[in-house]
There are 2 protein chains.
Amino acid sequence: MQKASLTILGCGSAMPTRKNFPSSQLLEIRDKQFLIDCGEGAQIRMGQLGVKVNRLGHIFISHLHGDHCFGLIGLISTFGMLNRTAELHIHAQPDLEKLLRPQLLYFCTDLSFSVIFHSINPRKNELIYEDRSIQVFSIPLKHRVPCCGFLFEEKPRDRHIIREMIDFYHIPTWRIPKIKQGEDFETEEGEIIPNTLLTRPSELPKRFAYCSDTAYSEKIIPIIEGVDCLYHEATFMEDELVRSKNTEHSTARQAGLIARKAHVKKLIIGHYSARYNNQLELLNEAKAEFENTVLGEDLTVYEI
Amino acid sequence: MQKASLTILGCGSAMPTRKNFPSSQLLEIRDKQFLIDCGEGAQIRMGQLGVKVNRLGHIFISHLHGDHCFGLIGLISTFGMLNRTAELHIHAQPDLEKLLRPQLLYFCTDLSFSVIFHSINPRKNELIYEDRSIQVFSIPLKHRVPCCGFLFEEKPRDRHIIREMIDFYHIPTWRIPKIKQGEDFETEEGEIIPNTLLTRPSELPKRFAYCSDTAYSEKIIPIIEGVDCLYHEATFMEDELVRSKNTEHSTARQAGLIARKAHVKKLIIGHYSARYNNQLELLNEAKAEFENTVLGEDLTVYEI
């Protein structure tokens with residue numbers, strides 16, 4: 001079975017620390033790579049990990065705070081030096097293009113590939129990307145500036161055919177694709193063979209949600225209900241509840257609460273304020289609400 | 001005696017590697033800090049080193065390639081979050097302001113300090129900054145785009161008075177400052193006491209030159225003649241001589257040659273192409289021309 005994985009390039013917040021670069025993560029799913037946010041140093045982290053991003057075609061930017069997008073220009077510039085030819089698609093609020101285009105024109109002359117911007121409306125929960133195997137939806141978040149998270153959903157995979165049954169009923173090859181998609185089979189004698197006799201179910205489609213930056217908001221719960229993995233920001237602990245409200249960030253406890261209420265399978269926390277040297281305290285606070293919480297760490301790969 | 005030091009934050013070239021961030025270094029001299037170039041991640045390196053930059057007022061940018069300036073916006077943004085109040089001066093070619101201002105206006109609203117741009121003409125060797133104890137001169141370099149290096153020169157320090165002689169001649173306190181600056185003393189009887197009897201020479205003014213990026217150019221020799229420390233780019237080895245010419249970079253041998261011909265006291269090489277895993281080979285090539293060569297390394301402090 002194919003695995004989906006999340007590589008955290010940076011899970012610090014506005015100010016980078018010894019441990020944590022600003023926000024950026026690489027989702028690998030169905031043989032594709034998606035970059036989510038691109039804080040300063042994202043390309044440096046990729047280099048440190050030795051990650052090749054040949055299958056990266058789409059970048060999603062949650063909001064236009066510097067710690068989520070300052071790494072774009074360096075990354076694109078490096079792609080240029082590597083003579084990338086594939087189009088690069090950036091999904092973000094339209095202001096990003098206005099800010100980035102002049103830099104691209106100045107610093108990345110003669111780019112060997114096109115950079116294509118796609119406008120996101122962060123206030124809507126809607127389909128913003130789709131290919132043969134993946135769908136991405138925006139998740140409206142509650143932050144000081146317009147901001148949205150992203151829900152990545154695999155499309156259902158084909159069912160697995162049971163070879164012996166296919167042989168038994170002498171089913172011709174040209175019928176197989178439809179049968180994989182769930183169709184029953186009618187024999188020459190007019191007998192209907194139900195699909196469940198011919199196939200086994202495929203793996204359940206994976207779902208991953210990225211929610212950063214955001215204040216505690218129960219409005220996201222129906223959207224992220226039951227995801228396999230939720231990355232939710234946990235900038236502060238409850239000791240900084242007032243500050244978290246003023247800056248529209250979440251506490252670790254709130255991240256855990258959202259995970260529990262949305263019945264997610266796994267929670268990864270991140271976007272830690274630089275003030276916390278011991279991030280295990282953040283983990284413990286989240287775990288008190290939701291046991292299956294994992295501490296997000298830079299340069300680490302998580303299975304979805 | 002006060003020491004001058006150079007902290008290399010990044011001495012990689014266009015593409016960052018596991019070892020090397022793009023160009024950036026911090027010069028500490030006469031109780032002040034100067035940042036020279038500011039590639040992506042410069043602020044991250046400062047964080048990793050735990051360097052406080054409270055005494056940083058002036059940043060010098062050699063040229064407008066991304067690997068020398070993409071870190072500025074993140075650094076300024078962080079200064080804003082730290083509620084810096086002191087003015088920040090950026091010395092660079094005027095295009096930088098055009099590129100950076102829109103970003104500052106968008107990402108750094110309500111900055112608690114002013115960012116002041118000073119225009120450099122990279123084709124001239126001229127004084128571009130001066131304070132009570134330091135002068136900085138531009139050094140025209142030879143690169144694909146207009147580019148200049150920087151020569152930092154301490155102004156002569158006051159001579160040290162010889163206390164016993166001052167007492168012997170009953171020299172009044174108000175005369176001391178001038179005597180420290182080299183004036184002779186005339187007694188009431190009209191006798192001239194030469195300054196050399198009253199004072200000892202101070203330490204020689206330190207001189208540091210930063211030359212990156214540049215092709216081999218003997219035109220810089222008269223400007224950097226005899227400096228205490230020269231940082232000179234050594235992007236390639238002689239095996240890539242053709243490439244070095246085409247891209248207007250230097251080889252390690254050429255860096256050594258310039259150091260020898262300019263009679264500098266110490267050479268630090270850097271700006272290595274990502275292709276060299278074993279940078280000791282670059283060091284050896286430079287050393288064959290100039291023995292007192294040091295390998296520039298990220299996160300390392302060098303005495304000037």
# chains A, B, ... in the order shown; residues from 1 in each chain; ligands from 1
>>> closest_atom_pairs(of="chain B", to="chain A", cutoff="6 Å", atoms="only C-alpha atoms", output="Markdown table")
| residue | atom | partner | partner_atom | distance |
| --- | --- | --- | --- | --- |
| B:Thr17 | CA | A:Gly47 | CA | 5.8 |
| B:Arg18 | CA | A:Gln48 | CA | 4.7 |
| B:Gly41 | CA | A:Gly41 | CA | 5.7 |
| B:Gly47 | CA | A:Thr17 | CA | 5.8 |
| B:Gln48 | CA | A:Arg18 | CA | 4.7 |
>>> residues_around(residues="Glu303 of chain A", least_positions_apart="2", cutoff="10 Å", atoms="only C-alpha atoms", output="list of chain:residue names")
A:Lys3, A:Ala4, A:Ser5, A:Leu6, A:Thr7, A:Leu27, A:Glu28, A:Asp228, A:Cys229, A:Val301
>>> select_by_dssp(residues="segment 247-280 of chain B", states="strand (DSSP E or B)", output="CSV table (one decimal) with C-alpha atoms, in the first residue's frame")
chain,number,residue,atom,x,y,z
B,251,THR,CA,38.8,30.3,-8.3
B,267,LEU,CA,42.8,35.6,3.6
B,268,ILE,CA,39.4,34.0,4.3
B,269,ILE,CA,37.8,32.2,1.4
B,270,GLY,CA,34.1,31.5,0.9
B,272,TYR,CA,31.7,28.0,-2.4
>>> residues_around(residues="segment 216-226 of chain B", least_positions_apart="6", cutoff="9 Å", atoms="only C-alpha atoms", output="PyMOL selection string")
chain B and resi 125+139-142+151+207-209+245+248-251+254-255+258-259+261-265
>>> atom_distance(atom1="atom CA of Glu297 of chain A", atom2="atom CA of Gln279 of chain A")
9.6 Å
>>> select_by_dssp(residues="segment 21-256 of chain A", states="alpha helix (DSSP H)", output="MDAnalysis selection string")
chainID A and resid 42:49 72:81 95:107 163:168 176:180 195:198 221:224 241:246 252:256
>>> residues_around(residues="segment 281-288 of chain B", least_positions_apart="4", cutoff="7 Å", atoms="only C-alpha atoms", output="list in words")
Met237, Ala252, Arg253, Ala255, Gly256, Asn292, Thr293 and Leu295 of chain B
>>> residues_around(residues="segment 159-169 of chain B", least_positions_apart="5", cutoff="9 Å", atoms="only C-alpha atoms", output="PDB file with C-alpha atoms, in the first residue's frame")
ATOM      1  CA  ILE B 176      45.740  65.666  27.398  1.00  0.00           C
ATOM      2  CA  ILE B 179      48.494  65.219  23.244  1.00  0.00           C
ATOM      3  CA  LYS B 180      46.749  61.863  22.756  1.00  0.00           C
ATOM      4  CA  GLN B 181      46.134  62.984  19.205  1.00  0.00           C
ATOM      5  CA  GLY B 182      49.858  63.619  18.648  1.00  0.00           C
ATOM      6  CA  THR B 187      56.390  74.283  28.743  1.00  0.00           C
ATOM      7  CA  ILE B 193      58.546  68.451  24.483  1.00  0.00           C
ATOM      8  CA  LEU B 197      58.379  61.495  24.713  1.00  0.00           C
ATOM      9  CA  LEU B 198      54.891  61.840  26.172  1.00  0.00           C
ATOM     10  CA  THR B 199      53.030  59.056  24.468  1.00  0.00           C
ATOM     11  CA  ARG B 200      53.295  55.531  23.109  1.00  0.00           C
ATOM     12  CA  PRO B 201      51.764  54.663  19.748  1.00  0.00           C
ATOM     13  CA  SER B 202      48.329  53.107  19.774  1.00  0.00           C
ATOM     14  CA  GLU B 203      47.469  49.846  18.065  1.00  0.00           C
TER      15      GLU B 203
END
>>> closest_residue(among="A:Pro122, A:Gly10, A:Gly296, A:Pro146", to="Leu230 of chain A", atoms="only C-alpha atoms")
A:Gly296
>>> atom_distance(atom1="atom CA of Arg132 of chain A", atom2="atom CA of Asn195 of chain A")
22.9 Å
>>> atom_distance(atom1="atom CA of Leu88 of chain A", atom2="atom CA of His143 of chain B")
29.6 Å
>>> closest_residue(among="B:Glu87, B:Ile76, B:Ile61, B:Glu154", to="Arg101 of chain B", atoms="only C-alpha atoms")
B:Ile76
>>> decode(residues="segment 149-235 of chain A", atoms="C-alpha atoms", output="PDB file, in the first residue's frame")
ATOM      1  CA  GLY A 149      -6.108  26.052   6.172  1.00  0.00           C
ATOM      2  CA  PHE A 150      -6.110  23.219   3.659  1.00  0.00           C
ATOM      3  CA  LEU A 151      -7.808  19.855   3.577  1.00  0.00           C
ATOM      4  CA  PHE A 152      -6.105  17.286   1.354  1.00  0.00           C
ATOM      5  CA  GLU A 153      -8.320  14.354   0.402  1.00  0.00           C
ATOM      6  CA  GLU A 154      -7.451  11.342  -1.625  1.00  0.00           C
ATOM      7  CA  LYS A 155     -10.088  10.336  -4.119  1.00  0.00           C
ATOM      8  CA  PRO A 156     -11.342   6.765  -3.632  1.00  0.00           C
ATOM      9  CA  ARG A 157      -8.916   4.290  -5.092  1.00  0.00           C
ATOM     10  CA  ASP A 158     -10.046   1.489  -7.436  1.00  0.00           C
ATOM     11  CA  ARG A 159     -11.250  -1.687  -5.721  1.00  0.00           C
ATOM     12  CA  HIS A 160      -8.895  -4.683  -5.877  1.00  0.00           C
ATOM     13  CA  ILE A 161     -10.072  -7.405  -8.231  1.00  0.00           C
ATOM     14  CA  ILE A 162     -10.122 -11.000  -6.990  1.00  0.00           C
ATOM     15  CA  ARG A 163      -8.222 -12.733  -9.763  1.00  0.00           C
ATOM     16  CA  GLU A 164      -9.728 -16.190  -9.173  1.00  0.00           C
ATOM     17  CA  MET A 165     -13.280 -14.879  -9.511  1.00  0.00           C
ATOM     18  CA  ILE A 166     -12.431 -12.945 -12.664  1.00  0.00           C
ATOM     19  CA  ASP A 167     -11.055 -16.186 -14.151  1.00  0.00           C
ATOM     20  CA  PHE A 168     -13.968 -18.235 -12.879  1.00  0.00           C
ATOM     21  CA  TYR A 169     -16.526 -16.036 -14.674  1.00  0.00           C
ATOM     22  CA  HIS A 170     -14.276 -15.611 -17.745  1.00  0.00           C
ATOM     23  CA  ILE A 171     -14.576 -11.843 -17.485  1.00  0.00           C
ATOM     24  CA  PRO A 172     -12.883 -10.184 -20.460  1.00  0.00           C
ATOM     25  CA  THR A 173     -10.024  -7.743 -19.761  1.00  0.00           C
ATOM     26  CA  TRP A 174     -11.865  -4.766 -21.195  1.00  0.00           C
ATOM     27  CA  ARG A 175     -14.491  -5.031 -18.444  1.00  0.00           C
ATOM     28  CA  ILE A 176     -11.943  -4.891 -15.622  1.00  0.00           C
ATOM     29  CA  PRO A 177     -11.614  -1.092 -15.250  1.00  0.00           C
ATOM     30  CA  LYS A 178     -15.355  -0.680 -14.679  1.00  0.00           C
ATOM     31  CA  ILE A 179     -15.415  -3.595 -12.258  1.00  0.00           C
ATOM     32  CA  LYS A 180     -12.555  -1.991 -10.302  1.00  0.00           C
ATOM     33  CA  GLN A 181     -14.778   1.068 -10.033  1.00  0.00           C
ATOM     34  CA  GLY A 182     -17.586  -0.994  -8.511  1.00  0.00           C
ATOM     35  CA  GLU A 183     -19.715  -2.214 -11.430  1.00  0.00           C
ATOM     36  CA  ASP A 184     -21.432  -5.582 -11.263  1.00  0.00           C
ATOM     37  CA  PHE A 185     -20.874  -8.109 -14.056  1.00  0.00           C
ATOM     38  CA  GLU A 186     -23.558  -9.701 -16.196  1.00  0.00           C
ATOM     39  CA  THR A 187     -22.720 -13.130 -17.653  1.00  0.00           C
ATOM     40  CA  GLU A 188     -23.809 -14.212 -21.145  1.00  0.00           C
ATOM     41  CA  GLU A 189     -26.577 -16.145 -19.474  1.00  0.00           C
ATOM     42  CA  GLY A 190     -27.869 -12.918 -17.941  1.00  0.00           C
ATOM     43  CA  GLU A 191     -26.752 -13.745 -14.427  1.00  0.00           C
ATOM     44  CA  ILE A 192     -25.715 -10.670 -12.378  1.00  0.00           C
ATOM     45  CA  ILE A 193     -22.529 -11.204 -10.383  1.00  0.00           C
ATOM     46  CA  PRO A 194     -22.406  -8.555  -7.670  1.00  0.00           C
ATOM     47  CA  ASN A 195     -19.211  -6.528  -7.552  1.00  0.00           C
ATOM     48  CA  THR A 196     -18.534  -7.547  -3.957  1.00  0.00           C
ATOM     49  CA  LEU A 197     -17.953 -11.105  -5.181  1.00  0.00           C
ATOM     50  CA  LEU A 198     -15.406  -9.925  -7.725  1.00  0.00           C
ATOM     51  CA  THR A 199     -13.454  -7.323  -5.777  1.00  0.00           C
ATOM     52  CA  ARG A 200     -12.121  -6.424  -2.374  1.00  0.00           C
ATOM     53  CA  PRO A 201     -12.424  -2.881  -1.076  1.00  0.00           C
ATOM     54  CA  SER A 202      -9.451  -0.586  -1.558  1.00  0.00           C
ATOM     55  CA  GLU A 203      -7.732   1.305   1.258  1.00  0.00           C
ATOM     56  CA  LEU A 204      -9.793   4.133   2.682  1.00  0.00           C
ATOM     57  CA  PRO A 205      -8.894   7.499   1.154  1.00  0.00           C
ATOM     58  CA  LYS A 206      -6.487   9.446   3.360  1.00  0.00           C
ATOM     59  CA  ARG A 207      -7.387  12.894   4.611  1.00  0.00           C
ATOM     60  CA  PHE A 208      -4.969  15.469   6.017  1.00  0.00           C
ATOM     61  CA  ALA A 209      -5.865  18.910   7.336  1.00  0.00           C
ATOM     62  CA  TYR A 210      -3.512  21.851   7.921  1.00  0.00           C
ATOM     63  CA  CYS A 211      -4.869  24.533  10.245  1.00  0.00           C
ATOM     64  CA  SER A 212      -2.437  27.368  10.910  1.00  0.00           C
ATOM     65  CA  ASP A 213      -2.642  30.161  11.906  1.00  0.00           C
ATOM     66  CA  THR A 214      -5.897  30.259  13.790  1.00  0.00           C
ATOM     67  CA  ALA A 215      -7.620  31.127  17.013  1.00  0.00           C
ATOM     68  CA  TYR A 216      -9.768  28.394  18.520  1.00  0.00           C
ATOM     69  CA  SER A 217     -12.643  27.975  16.105  1.00  0.00           C
ATOM     70  CA  GLU A 218     -15.243  25.225  16.255  1.00  0.00           C
ATOM     71  CA  LYS A 219     -16.413  26.222  12.796  1.00  0.00           C
ATOM     72  CA  ILE A 220     -13.664  24.088  11.294  1.00  0.00           C
ATOM     73  CA  ILE A 221     -14.860  20.922  13.006  1.00  0.00           C
ATOM     74  CA  PRO A 222     -17.387  19.781  10.378  1.00  0.00           C
ATOM     75  CA  ILE A 223     -14.760  20.295   7.663  1.00  0.00           C
ATOM     76  CA  ILE A 224     -11.989  18.329   9.318  1.00  0.00           C
ATOM     77  CA  GLU A 225     -14.235  15.695  10.967  1.00  0.00           C
ATOM     78  CA  GLY A 226     -12.456  12.364  11.183  1.00  0.00           C
ATOM     79  CA  VAL A 227      -9.317  13.229   9.214  1.00  0.00           C
ATOM     80  CA  ASP A 228      -6.427  10.802   9.475  1.00  0.00           C
ATOM     81  CA  CYS A 229      -4.100  13.561  10.521  1.00  0.00           C
ATOM     82  CA  LEU A 230      -4.634  17.135  11.644  1.00  0.00           C
ATOM     83  CA  TYR A 231      -1.802  19.637  11.894  1.00  0.00           C
ATOM     84  CA  HIS A 232      -3.098  22.373  14.169  1.00  0.00           C
ATOM     85  CA  GLU A 233      -1.190  25.325  15.439  1.00  0.00           C
ATOM     86  CA  ALA A 234      -0.425  25.479  19.161  1.00  0.00           C
ATOM     87  CA  THR A 235       1.426  28.753  19.450  1.00  0.00           C
TER      88      THR A 235
END
